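J.: Below is the file my_file_15.csv, with CSV, C-alpha atoms and all ligand atoms.
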```csv
chain,number,residue,atom,x,y,z
A,1,MET,CA,54.0,68.4,48.6
A,2,SER,CA,56.3,70.9,47.0
A,3,ILE,CA,59.4,70.5,45.0
A,4,PHE,CA,60.8,73.8,46.3
A,5,ARG,CA,62.9,74.2,49.4
A,6,ASP,CA,60.7,75.1,52.3
A,7,ASP,CA,62.5,78.3,53.3
A,8,ILE,CA,63.0,79.9,49.9
A,9,LEU,CA,60.8,82.9,50.9
A,10,ALA,CA,62.0,83.1,54.5
A,11,GLY,CA,62.2,86.8,55.6
A,12,LYS,CA,60.1,88.0,52.6
A,13,THR,CA,56.6,89.5,52.8
A,14,ALA,CA,54.0,89.0,50.2
A,15,LEU,CA,50.7,90.9,49.7
A,16,ILE,CA,48.2,88.9,47.7
A,17,THR,CA,45.0,90.5,46.4
A,18,GLY,CA,42.0,88.2,45.9
A,19,GLY,CA,43.7,86.0,48.5
A,20,GLY,CA,40.5,85.0,50.4
A,21,THR,CA,39.5,82.3,47.9
A,22,GLY,CA,40.5,80.2,45.0
A,23,ILE,CA,43.7,80.5,43.1
A,24,CYS,CA,45.1,83.4,45.1
A,25,LYS,CA,44.3,81.7,48.4
A,26,GLY,CA,46.4,78.8,47.0
A,27,ILE,CA,49.2,81.1,46.2
A,28,ALA,CA,49.0,82.6,49.7
A,29,LEU,CA,49.2,79.0,51.2
A,30,ARG,CA,52.2,78.1,49.0
A,31,PHE,CA,54.1,81.3,49.8
A,32,ALA,CA,53.5,80.9,53.6
A,33,ALA,CA,54.5,77.3,53.4
A,34,HIS,CA,57.8,78.4,52.0
A,35,GLY,CA,58.5,80.9,54.7
A,36,ALA,CA,56.9,84.2,53.6
A,37,ASN,CA,55.0,86.5,55.8
A,38,VAL,CA,51.6,86.8,54.0
A,39,ALA,CA,48.9,89.4,53.9
A,40,ILE,CA,45.7,88.7,52.0
A,41,THR,CA,43.0,91.0,50.9
A,42,SER,CA,39.7,90.9,49.2
A,43,ARG,CA,36.3,92.4,49.7
A,44,LYS,CA,34.8,89.9,52.1
A,45,GLN,CA,36.3,89.9,55.6
A,46,GLN,CA,34.6,86.5,56.3
A,47,ASN,CA,36.3,84.8,53.4
A,48,LEU,CA,39.6,86.3,54.5
A,49,ASP,CA,39.3,85.2,58.1
A,50,THR,CA,38.5,81.7,57.0
A,51,ALA,CA,41.4,81.6,54.6
A,52,ALA,CA,43.8,83.1,57.2
A,53,ASP,CA,42.8,80.5,59.8
A,54,GLU,CA,43.2,77.7,57.2
A,55,ILE,CA,46.6,78.9,56.0
A,56,GLY,CA,47.7,79.7,59.5
A,57,PHE,CA,46.8,76.3,60.7
A,58,ALA,CA,48.6,74.5,57.8
A,59,THR,CA,51.8,76.6,58.0
A,60,ASN,CA,52.0,77.7,61.6
A,61,LYS,CA,52.3,81.3,60.5
A,62,LYS,CA,50.1,84.4,61.3
A,63,ILE,CA,48.4,85.5,58.2
A,64,LEU,CA,47.3,89.2,58.0
A,65,ALA,CA,43.7,89.5,56.6
A,66,ILE,CA,42.4,92.9,55.8
A,67,ALA,CA,39.4,93.6,53.6
A,68,ALA,CA,39.7,96.1,50.8
A,69,ASP,CA,38.1,96.7,47.4
A,70,VAL,CA,41.0,97.1,44.9
A,71,ARG,CA,38.9,99.6,43.0
A,72,LYS,CA,39.3,102.1,45.9
A,73,PRO,CA,42.8,103.6,46.2
A,74,GLU,CA,42.3,104.6,49.9
A,75,GLU,CA,41.3,101.1,50.9
A,76,VAL,CA,44.3,99.7,49.0
A,77,GLU,CA,46.6,102.2,50.7
A,78,ASN,CA,45.3,101.1,54.0
A,79,VAL,CA,46.1,97.5,53.4
A,80,VAL,CA,49.5,98.3,52.2
A,81,ALA,CA,50.2,100.5,55.3
A,82,LYS,CA,49.0,97.8,57.6
A,83,THR,CA,51.1,95.1,55.9
A,84,VAL,CA,54.2,97.2,56.2
A,85,GLU,CA,53.3,98.1,59.9
A,86,THR,CA,52.9,94.4,60.7
A,87,PHE,CA,55.7,92.8,58.7
A,88,GLY,CA,58.1,95.7,58.1
A,89,GLY,CA,57.9,95.9,54.3
A,90,ILE,CA,56.6,94.3,51.1
A,91,ASP,CA,58.9,92.2,48.9
A,92,ILE,CA,56.3,90.6,46.7
A,93,LEU,CA,52.9,91.7,45.3
A,94,VAL,CA,50.5,89.2,43.7
A,95,SER,CA,47.7,91.1,42.0
A,96,GLY,CA,44.9,88.6,41.6
A,97,ALA,CA,41.6,90.2,42.5
A,98,ALA,CA,39.3,89.6,39.6
A,99,GLY,CA,35.7,89.5,38.5
A,100,ASN,CA,34.0,87.7,35.7
A,101,PHE,CA,30.5,86.6,34.4
A,102,PRO,CA,29.8,85.3,30.9
A,103,VAL,CA,27.6,87.7,28.9
A,104,PRO,CA,27.3,88.8,25.2
A,105,ILE,CA,28.4,92.3,24.4
A,106,SER,CA,24.9,93.2,23.3
A,107,GLN,CA,23.6,92.4,26.8
A,108,LEU,CA,26.5,93.7,28.8
A,109,SER,CA,25.6,97.0,30.5
A,110,TYR,CA,28.0,100.0,30.5
A,111,ASN,CA,28.5,99.5,34.2
A,112,GLY,CA,29.0,95.7,33.8
A,113,PHE,CA,31.9,96.3,31.4
A,114,ARG,CA,33.4,99.0,33.6
A,115,THR,CA,33.1,96.9,36.8
A,116,VAL,CA,35.2,94.1,35.5
A,117,VAL,CA,37.8,96.4,33.9
A,118,ASP,CA,37.9,98.4,37.2
A,119,ILE,CA,38.5,95.3,39.4
A,120,ASP,CA,41.0,93.6,37.1
A,121,LEU,CA,42.9,96.3,35.4
A,122,GLN,CA,42.5,99.5,37.5
A,123,GLY,CA,42.8,97.3,40.6
A,124,THR,CA,46.2,96.0,39.4
A,125,PHE,CA,47.4,99.5,38.7
A,126,ASN,CA,46.1,100.7,42.2
A,127,VAL,CA,47.9,98.0,44.2
A,128,SER,CA,51.1,98.2,42.1
A,129,LYS,CA,51.3,101.9,42.6
A,130,ALA,CA,50.6,101.7,46.3
A,131,CYS,CA,53.2,99.0,46.8
A,132,PHE,CA,55.9,100.6,44.7
A,133,PRO,CA,57.8,102.5,47.5
A,134,HIS,CA,57.9,99.3,49.5
A,135,LEU,CA,59.0,97.1,46.6
A,136,LEU,CA,61.7,99.7,45.9
A,137,ALA,CA,62.9,99.6,49.5
A,138,ALA,CA,63.0,95.8,49.3
A,139,ALA,CA,64.9,95.9,46.0
A,140,GLU,CA,67.5,98.2,47.5
A,141,LYS,CA,68.2,95.4,50.0
A,142,HIS,CA,68.2,92.3,47.9
A,143,ARG,CA,67.5,93.2,44.2
A,144,ASN,CA,64.7,90.7,44.0
A,145,ALA,CA,61.4,92.4,44.6
A,146,ASN,CA,58.5,91.1,42.5
A,147,VAL,CA,55.1,91.8,41.1
A,148,ILE,CA,53.1,88.9,39.7
A,149,CYS,CA,49.9,89.8,37.9
A,150,ILE,CA,47.3,87.1,37.4
A,151,SER,CA,46.3,87.2,33.8
A,152,ALA,CA,44.5,84.8,31.6
A,153,THR,CA,44.7,83.3,28.0
A,154,LEU,CA,41.2,84.1,26.7
A,155,GLN,CA,42.4,87.5,25.4
A,156,TYR,CA,44.8,85.8,22.9
A,157,THR,CA,41.8,84.6,20.7
A,158,GLY,CA,38.2,85.7,20.5
A,159,ILE,CA,36.1,84.0,23.2
A,160,PRO,CA,32.4,84.8,23.1
A,161,PHE,CA,30.8,86.4,26.2
A,162,GLN,CA,34.2,87.4,27.6
A,163,SER,CA,34.7,90.9,26.1
A,164,HIS,CA,35.1,92.7,29.5
A,165,VAL,CA,37.6,90.1,30.9
A,166,SER,CA,39.5,89.8,27.7
A,167,ALA,CA,39.9,93.6,27.5
A,168,ALA,CA,40.9,93.8,31.1
A,169,LYS,CA,43.5,91.0,31.0
A,170,ALA,CA,45.0,92.3,27.7
A,171,GLY,CA,45.4,95.6,29.6
A,172,ILE,CA,47.1,93.8,32.5
A,173,ASP,CA,49.6,92.1,30.2
A,174,ALA,CA,50.4,95.5,28.6
A,175,PHE,CA,50.7,97.2,32.0
A,176,MET,CA,52.9,94.5,33.3
A,177,ARG,CA,55.3,94.9,30.4
A,178,THR,CA,55.7,98.6,31.0
A,179,MET,CA,56.1,98.0,34.7
A,180,ALA,CA,58.9,95.5,34.0
A,181,THR,CA,60.8,98.0,31.8
A,182,GLU,CA,60.4,101.0,34.2
A,183,TRP,CA,61.1,99.1,37.5
A,184,GLY,CA,63.6,96.6,36.2
A,185,PRO,CA,66.6,99.0,36.6
A,186,MET,CA,65.5,99.4,40.2
A,187,GLY,CA,65.6,95.7,41.0
A,188,ILE,CA,61.9,95.0,40.8
A,189,ARG,CA,60.8,92.2,38.4
A,190,ALA,CA,57.3,92.1,37.0
A,191,ASN,CA,55.7,89.0,35.3
A,192,CYS,CA,52.2,87.6,34.6
A,193,VAL,CA,51.0,84.1,35.3
A,194,ALA,CA,48.2,83.2,32.9
A,195,PRO,CA,46.1,80.3,34.2
A,196,GLY,CA,44.0,78.3,31.8
A,197,PRO,CA,41.1,76.1,33.0
A,198,ILE,CA,41.8,75.4,36.7
A,199,GLY,CA,39.6,73.0,38.6
A,200,ASP,CA,37.7,74.0,41.7
A,201,THR,CA,37.7,77.7,41.0
A,202,GLU,CA,35.0,80.3,40.9
A,203,GLY,CA,36.1,81.2,37.3
A,204,MET,CA,35.4,77.6,36.0
A,205,ARG,CA,32.2,77.4,38.0
A,206,ARG,CA,31.1,80.5,36.0
A,207,LEU,CA,32.5,79.5,32.6
A,208,ALA,CA,31.6,75.8,32.7
A,209,PRO,CA,28.8,75.4,35.2
A,210,THR,CA,27.5,72.0,34.1
A,211,PRO,CA,29.1,68.5,33.8
A,212,GLU,CA,28.5,68.6,30.1
A,213,LEU,CA,30.3,71.9,29.6
A,214,THR,CA,33.1,70.7,31.9
A,215,GLU,CA,33.6,67.6,29.7
A,216,ARG,CA,33.5,69.7,26.6
A,217,ALA,CA,36.1,72.1,27.9
A,218,MET,CA,38.4,69.3,28.9
A,219,LYS,CA,38.3,67.9,25.4
A,220,HIS,CA,40.1,71.0,24.3
A,221,VAL,CA,43.0,70.7,26.6
A,222,PRO,CA,46.0,68.8,25.1
A,223,LEU,CA,47.1,67.6,28.5
A,224,LYS,CA,43.5,66.2,29.0
A,225,ARG,CA,42.7,67.6,32.4
A,226,PHE,CA,42.1,70.9,34.2
A,227,GLY,CA,45.0,72.4,36.1
A,228,THR,CA,45.2,72.6,39.8
A,229,ILE,CA,45.5,75.6,42.1
A,230,GLU,CA,48.8,74.2,43.3
A,231,GLU,CA,50.2,74.3,39.7
A,232,ILE,CA,49.4,78.0,39.5
A,233,ALA,CA,51.0,78.6,42.9
A,234,ASP,CA,54.1,76.7,41.9
A,235,ALA,CA,54.5,78.9,38.8
A,236,CYS,CA,54.2,82.0,41.0
A,237,LEU,CA,56.7,80.6,43.5
A,238,PHE,CA,59.2,79.9,40.7
A,239,LEU,CA,58.8,83.4,39.3
A,240,VAL,CA,59.5,85.2,42.6
A,241,SER,CA,62.3,82.8,43.5
A,242,ASP,CA,66.0,83.4,42.8
A,243,ALA,CA,65.8,80.7,40.1
A,244,ALA,CA,63.9,83.3,37.9
A,245,ARG,CA,66.2,86.2,38.8
A,246,TYR,CA,66.8,87.1,35.1
A,247,THR,CA,63.1,86.8,34.2
A,248,THR,CA,61.0,89.9,33.9
A,249,GLY,CA,58.3,91.1,31.6
A,250,THR,CA,57.1,87.6,30.7
A,251,ILE,CA,53.7,85.9,30.6
A,252,HIS,CA,54.0,82.5,32.1
A,253,VAL,CA,51.1,80.4,30.6
A,254,VAL,CA,49.9,77.5,32.7
A,255,ASP,CA,47.0,76.0,30.8
A,256,GLY,CA,47.9,72.5,29.6
A,257,GLY,CA,48.2,73.8,26.1
A,258,GLN,CA,44.5,74.8,26.0
A,259,TRP,CA,44.6,78.2,24.3
A,260,LEU,CA,46.8,76.8,21.4
A,261,PHE,CA,44.3,74.1,20.5
A,262,SER,CA,41.8,74.6,17.7
A,263,PRO,CA,39.8,71.9,16.1
A,264,GLY,CA,40.4,73.7,12.8
A,265,VAL,CA,38.0,73.9,9.9
A,266,GLY,CA,37.7,70.0,9.9
A,267,GLY,CA,36.5,70.1,13.5
A,268,PHE,CA,39.0,67.5,14.6
A,269,GLU,CA,38.7,66.3,18.2
A,270,LEU,CA,41.6,65.3,20.3
B,301,LIG,C1,25.3,90.5,33.3
B,301,LIG,C2,26.0,91.4,35.2
B,301,LIG,C3,26.2,90.1,35.8
B,301,LIG,C4,25.8,88.9,35.0
B,301,LIG,C5,26.8,91.5,37.3
B,301,LIG,N1,26.5,92.2,36.2
B,301,LIG,N2,26.7,90.2,37.1
B,301,LIG,N3,25.6,91.6,34.0
B,301,LIG,N4,25.4,89.2,33.7
B,301,LIG,N5,25.9,87.7,35.4
B,301,LIG,C6,26.4,93.7,36.0
B,301,LIG,C7,25.4,94.3,37.0
B,301,LIG,O1,24.1,94.2,36.5
B,301,LIG,C8,25.9,95.7,37.1
B,301,LIG,O2,25.6,96.5,36.0
B,301,LIG,C9,27.4,95.5,37.0
B,301,LIG,O3,27.7,94.2,36.4
B,301,LIG,C10,28.1,95.5,38.4
B,301,LIG,O4,27.5,94.5,39.2
B,301,LIG,P1,27.5,94.5,40.8
B,301,LIG,O5,27.0,93.2,41.2
B,301,LIG,O6,27.0,95.8,41.3
B,301,LIG,O7,29.1,94.6,41.0
B,301,LIG,P2,30.0,94.1,42.2
B,301,LIG,O8,29.2,93.9,43.5
B,301,LIG,O9,31.1,95.0,42.3
B,301,LIG,O10,30.5,92.6,41.8
B,301,LIG,C11,31.5,92.4,40.8
B,301,LIG,C12,31.1,91.2,39.9
B,301,LIG,C13,30.8,90.0,40.7
B,301,LIG,C14,32.3,91.0,39.0
B,301,LIG,C15,29.9,91.6,39.1
B,301,LIG,O11,30.5,88.9,39.9
B,301,LIG,C16,31.9,89.6,41.6
B,301,LIG,O12,32.1,90.1,42.7
B,301,LIG,N6,32.8,88.6,41.2
B,301,LIG,C17,33.9,88.3,42.0
B,301,LIG,C18,34.2,86.8,41.9
B,301,LIG,C19,34.5,86.4,40.5
B,301,LIG,O13,33.9,86.9,39.6
B,301,LIG,N7,35.4,85.4,40.4
B,301,LIG,C20,35.7,84.9,39.1
B,301,LIG,C21,36.9,85.4,38.6
B,301,LIG,S1,37.4,84.5,37.3
B,301,LIG,P3,24.3,97.5,36.1
B,301,LIG,O14,24.3,98.1,34.7
B,301,LIG,O15,23.1,96.6,36.3
B,301,LIG,O16,24.5,98.5,37.2
B,301,LIG,C22,38.5,85.3,36.4
B,301,LIG,C23,39.3,84.5,35.4
B,301,LIG,C24,38.9,84.6,34.1
B,301,LIG,O17,38.6,86.4,36.5
B,301,LIG,C25,39.6,83.6,33.1
B,301,LIG,C26,39.1,82.2,33.3
B,301,LIG,C27,39.7,81.2,32.3
```
Can you turn what I pasted into C-alpha cells?
Ligand code: HXC
T.:
Amino acid sequence: MSIFRDDILAGKTALITGGGTGICKGIALRFAAHGANVAITSRKQQNLDTAADEIGFATNKKILAIAADVRKPEEVENVVAKTVETFGGIDILVSGAAGNFPVPISQLSYNGFRTVVDIDLQGTFNVSKACFPHLLAAAEKHRNANVICISATLQYTGIPFQSHVSAAKAGIDAFMRTMATEWGPMGIRANCVAPGPIGDTEGMRRLAPTPELTERAMKHVPLKRFGTIEEIADACLFLVSDAARYTTGTIHVVDGGQWLFSPGVGGFEL
C-alpha cells in the first residue's frame, strides 16, 4: 500500500545498483509499482533474476536485470548502455550497491578497507559518471532527472568496527553535495537517503546478528522499532517526485531518530 499516486513515475526509467536484494530491491519494486521502467544490477545474476521475477510478477512490468560489479567501470558502462538500449534513456539513478562487515581497525586488512570504499564510494562515482549523459538528456526534456545515493548515519558519530563504511559513506555524502551543485543548473537533482536500522536487511544481519543485539539496538531508537524497507523506498520516491522538485544536495535521514540518541554520561535508557 502506497500513499503516492500509482503513475507518478510513468514514462521514467530508473537504474538501481544493488537492486538484487534488500533495500534496493524494495526501491526497485516501489518505483516499478509507480510506473517506472526499472533496471537492476548487482554482482550475482541469480539474485537479480529472482528479484526481477518477483517485481515483474507484482507490478506486471518487465524488469531489466544485468549483472555488474560497480567497482569495474566497463561493467557499469555495459549496464548503462543496455538500460538505454532497452528503455530509451535513464531519468533516475539510485546508487545503492554496498558492502559491510564489522571489524576493528587493528584487524582490518588493507584490502578489506579498500574493498568497502571501492564498492560504496568509487562505485557511486562510477555509476554517476556513466549515467551523466543520459541524466542530462532526460533533464533537457523535463528538468527533473535524479540521483539518489544510499548513505548511512553511522559516519555522524564514532561507531566501533565500522571505519571502512563510515569513511565510504562520509565520502558519498560529500560527493553527492558536489554533484548537486555541478549538475543542478542542468536540471539534475542529487540527494542522499540515509537509512538507520532497517529490519530484514543484510546490513542488520551483519551488525546485530543475535536476538540480544537486536533488542539492544532497538532500545536506542526513539521510535522504538526498526524501520522497514518500504519506508526507505517511500523516501526515495518522494525525493525523485515532483513534490521534491526544489530539493537537491540534501541528506534525508530515515532512522527513527536513532543516530541522535545517546544515553549520555548517566547511561539513561529510553
Ligand atoms: C574481516 C573481511 C571480512 C570480515 C571480508 N574481509 N570479510 N575482513 N572481517 N568479515 C576482507 C577479506 O579478507 C579481504 O581482504 C577483503 O575484505 C575483500 O574480501 P573479498 O571477500 O575478497 O571481497 P568481495 O568478494 O569483493 O566481497 C565484498 C565484501 C562482502 C564487502 C567483503 O562482504 C560482500 O560482498 N558484501 C555485500 C553484501 C553486504 O555487505 N551487504 C551489507 C551492506 S550494509 P584480504 O586482505 O584478506 O584480501 C551497508 C549499510 C551499512 O552497507 C549501514 C548500516 C546501518
J.: Compare A:Leu135, A:Ile66, A:Leu93, A:Ala39 by their minimum atom-to-atom distance to Leu239 (chain A), counting all atoms listed in the file, and give me the closest one.
T.: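 Ranking A:Leu135, A:Ile66, A:Leu93, A:Ala39 by distance to Leu239 (chain A), first place goes to A:Leu93.
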J.: For ligand LIG 301 (chain B), collect every residue having any atom at a distance of at most 8 Å from a ligand atom (counting only C-alpha atoms and all ligand atoms); output as JSON, numbers by chain.
T.: {"A": [97, 98, 99, 100, 101, 102, 103, 107, 108, 109, 110, 111, 112, 113, 114, 115, 116, 119, 120, 151, 152, 153, 154, 165, 195, 196, 197, 198, 201, 202, 203, 204, 206, 207]}
J.: Between CA of Ala10 (chain A) and CA of Cys24 (chain A), what is the distance in Å, rounded to a tenth?
T.: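 Value for the CA of Ala10 (chain A)-CA of Cys24 (chain A) distance: 19.3 Å.
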J.: So that I can check the surroundings of region 177-190 of chain A, please list as a ChimeraX atom specification every protein, DNA and RNA residue that reaches within 10 Å of it, counting all atoms listed in the file and ignoring chain neighbours fewer than 4 positions away.
T.: /A:91-94,125,128,132,135-149,171-173,239-240,244-251
J.: Of the candidates A:Gly266, A:Pro133, A:Gly11, A:Pro104, which one gets nearest to Phe161 (chain A) if we count all atoms listed in the file?
T.: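 Answer, going by the shortest atom-to-atom distance: A:Pro104.
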J.: Go through A:Ile150, A:Ala33, A:Ile159, A:Cys236 one by one, measure the shortest atom-to-atom distance of each to Ala194 (chain A) using all atoms listed in the file, and give the residue with the smallest value.
T.: A:Ile150
J.: Figure out the distance between CA of Ala233 (chain A) and CA of Leu270 (chain A), please, to one decimal in Å.
T.: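 So the two atoms, CA of Leu270 (chain A) and CA of Ala233 (chain A), lie 27.9 Å apart.
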J.: Identify which of the residues A:Ser262, A:His134, A:Leu9, A:Phe226 lies closest to Val84 (chain A), counting all atoms listed in the file when measuring atom-to-atom distances.
T.: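 Ranked by minimum distance to Val84 (chain A), first place goes to A:His134.
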J.: What's the 10 Å shell around Ile40 (chain A), counting only C-alpha atoms, without same-chain residues fewer than 2 positions away, as a ChimeraX atom specification?
T.: /A:14-21,24-25,28,38,42,48-49,51-52,63-68,79,83,94
J.: Would you export the selected residues with C-alpha atoms as a PDB file, keeping the file's coordinate frame, please?
T.:
```pdb
ATOM      1  CA  ALA A  14      54.000  89.000  50.200  1.00  0.00           C
ATOM      2  CA  LEU A  15      50.700  90.900  49.700  1.00  0.00           C
ATOM      3  CA  ILE A  16      48.200  88.900  47.700  1.00  0.00           C
ATOM      4  CA  THR A  17      45.000  90.500  46.400  1.00  0.00           C
ATOM      5  CA  GLY A  18      42.000  88.200  45.900  1.00  0.00           C
ATOM      6  CA  GLY A  19      43.700  86.000  48.500  1.00  0.00           C
ATOM      7  CA  GLY A  20      40.500  85.000  50.400  1.00  0.00           C
ATOM      8  CA  THR A  21      39.500  82.300  47.900  1.00  0.00           C
ATOM      9  CA  CYS A  24      45.100  83.400  45.100  1.00  0.00           C
ATOM     10  CA  LYS A  25      44.300  81.700  48.400  1.00  0.00           C
ATOM     11  CA  ALA A  28      49.000  82.600  49.700  1.00  0.00           C
ATOM     12  CA  VAL A  38      51.600  86.800  54.000  1.00  0.00           C
ATOM     13  CA  SER A  42      39.700  90.900  49.200  1.00  0.00           C
ATOM     14  CA  LEU A  48      39.600  86.300  54.500  1.00  0.00           C
ATOM     15  CA  ASP A  49      39.300  85.200  58.100  1.00  0.00           C
ATOM     16  CA  ALA A  51      41.400  81.600  54.600  1.00  0.00           C
ATOM     17  CA  ALA A  52      43.800  83.100  57.200  1.00  0.00           C
ATOM     18  CA  ILE A  63      48.400  85.500  58.200  1.00  0.00           C
ATOM     19  CA  LEU A  64      47.300  89.200  58.000  1.00  0.00           C
ATOM     20  CA  ALA A  65      43.700  89.500  56.600  1.00  0.00           C
ATOM     21  CA  ILE A  66      42.400  92.900  55.800  1.00  0.00           C
ATOM     22  CA  ALA A  67      39.400  93.600  53.600  1.00  0.00           C
ATOM     23  CA  ALA A  68      39.700  96.100  50.800  1.00  0.00           C
ATOM     24  CA  VAL A  79      46.100  97.500  53.400  1.00  0.00           C
ATOM     25  CA  THR A  83      51.100  95.100  55.900  1.00  0.00           C
ATOM     26  CA  VAL A  94      50.500  89.200  43.700  1.00  0.00           C
TER      27      VAL A  94
END
```
J.: Take CA of Thr13 (chain A) and CA of Thr228 (chain A) and report the distance between them in Å, one decimal.
T.: 24.2 Å
J.: Closest to His252 (chain A) among A:Val80, A:Ala167, A:Val193, A:Gly199, using only C-alpha atoms?
T.: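 Answer, going by the shortest atom-to-atom distance: A:Val193.
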J.: At a cut-off of 7 Å from (56.4, 78.2, 47.4) in the coordinates of the file, what residues are picked up using all atoms listed in the file, written as a PyMOL selection string?
T.: chain A and resi 4+30-31+33-34+234+237
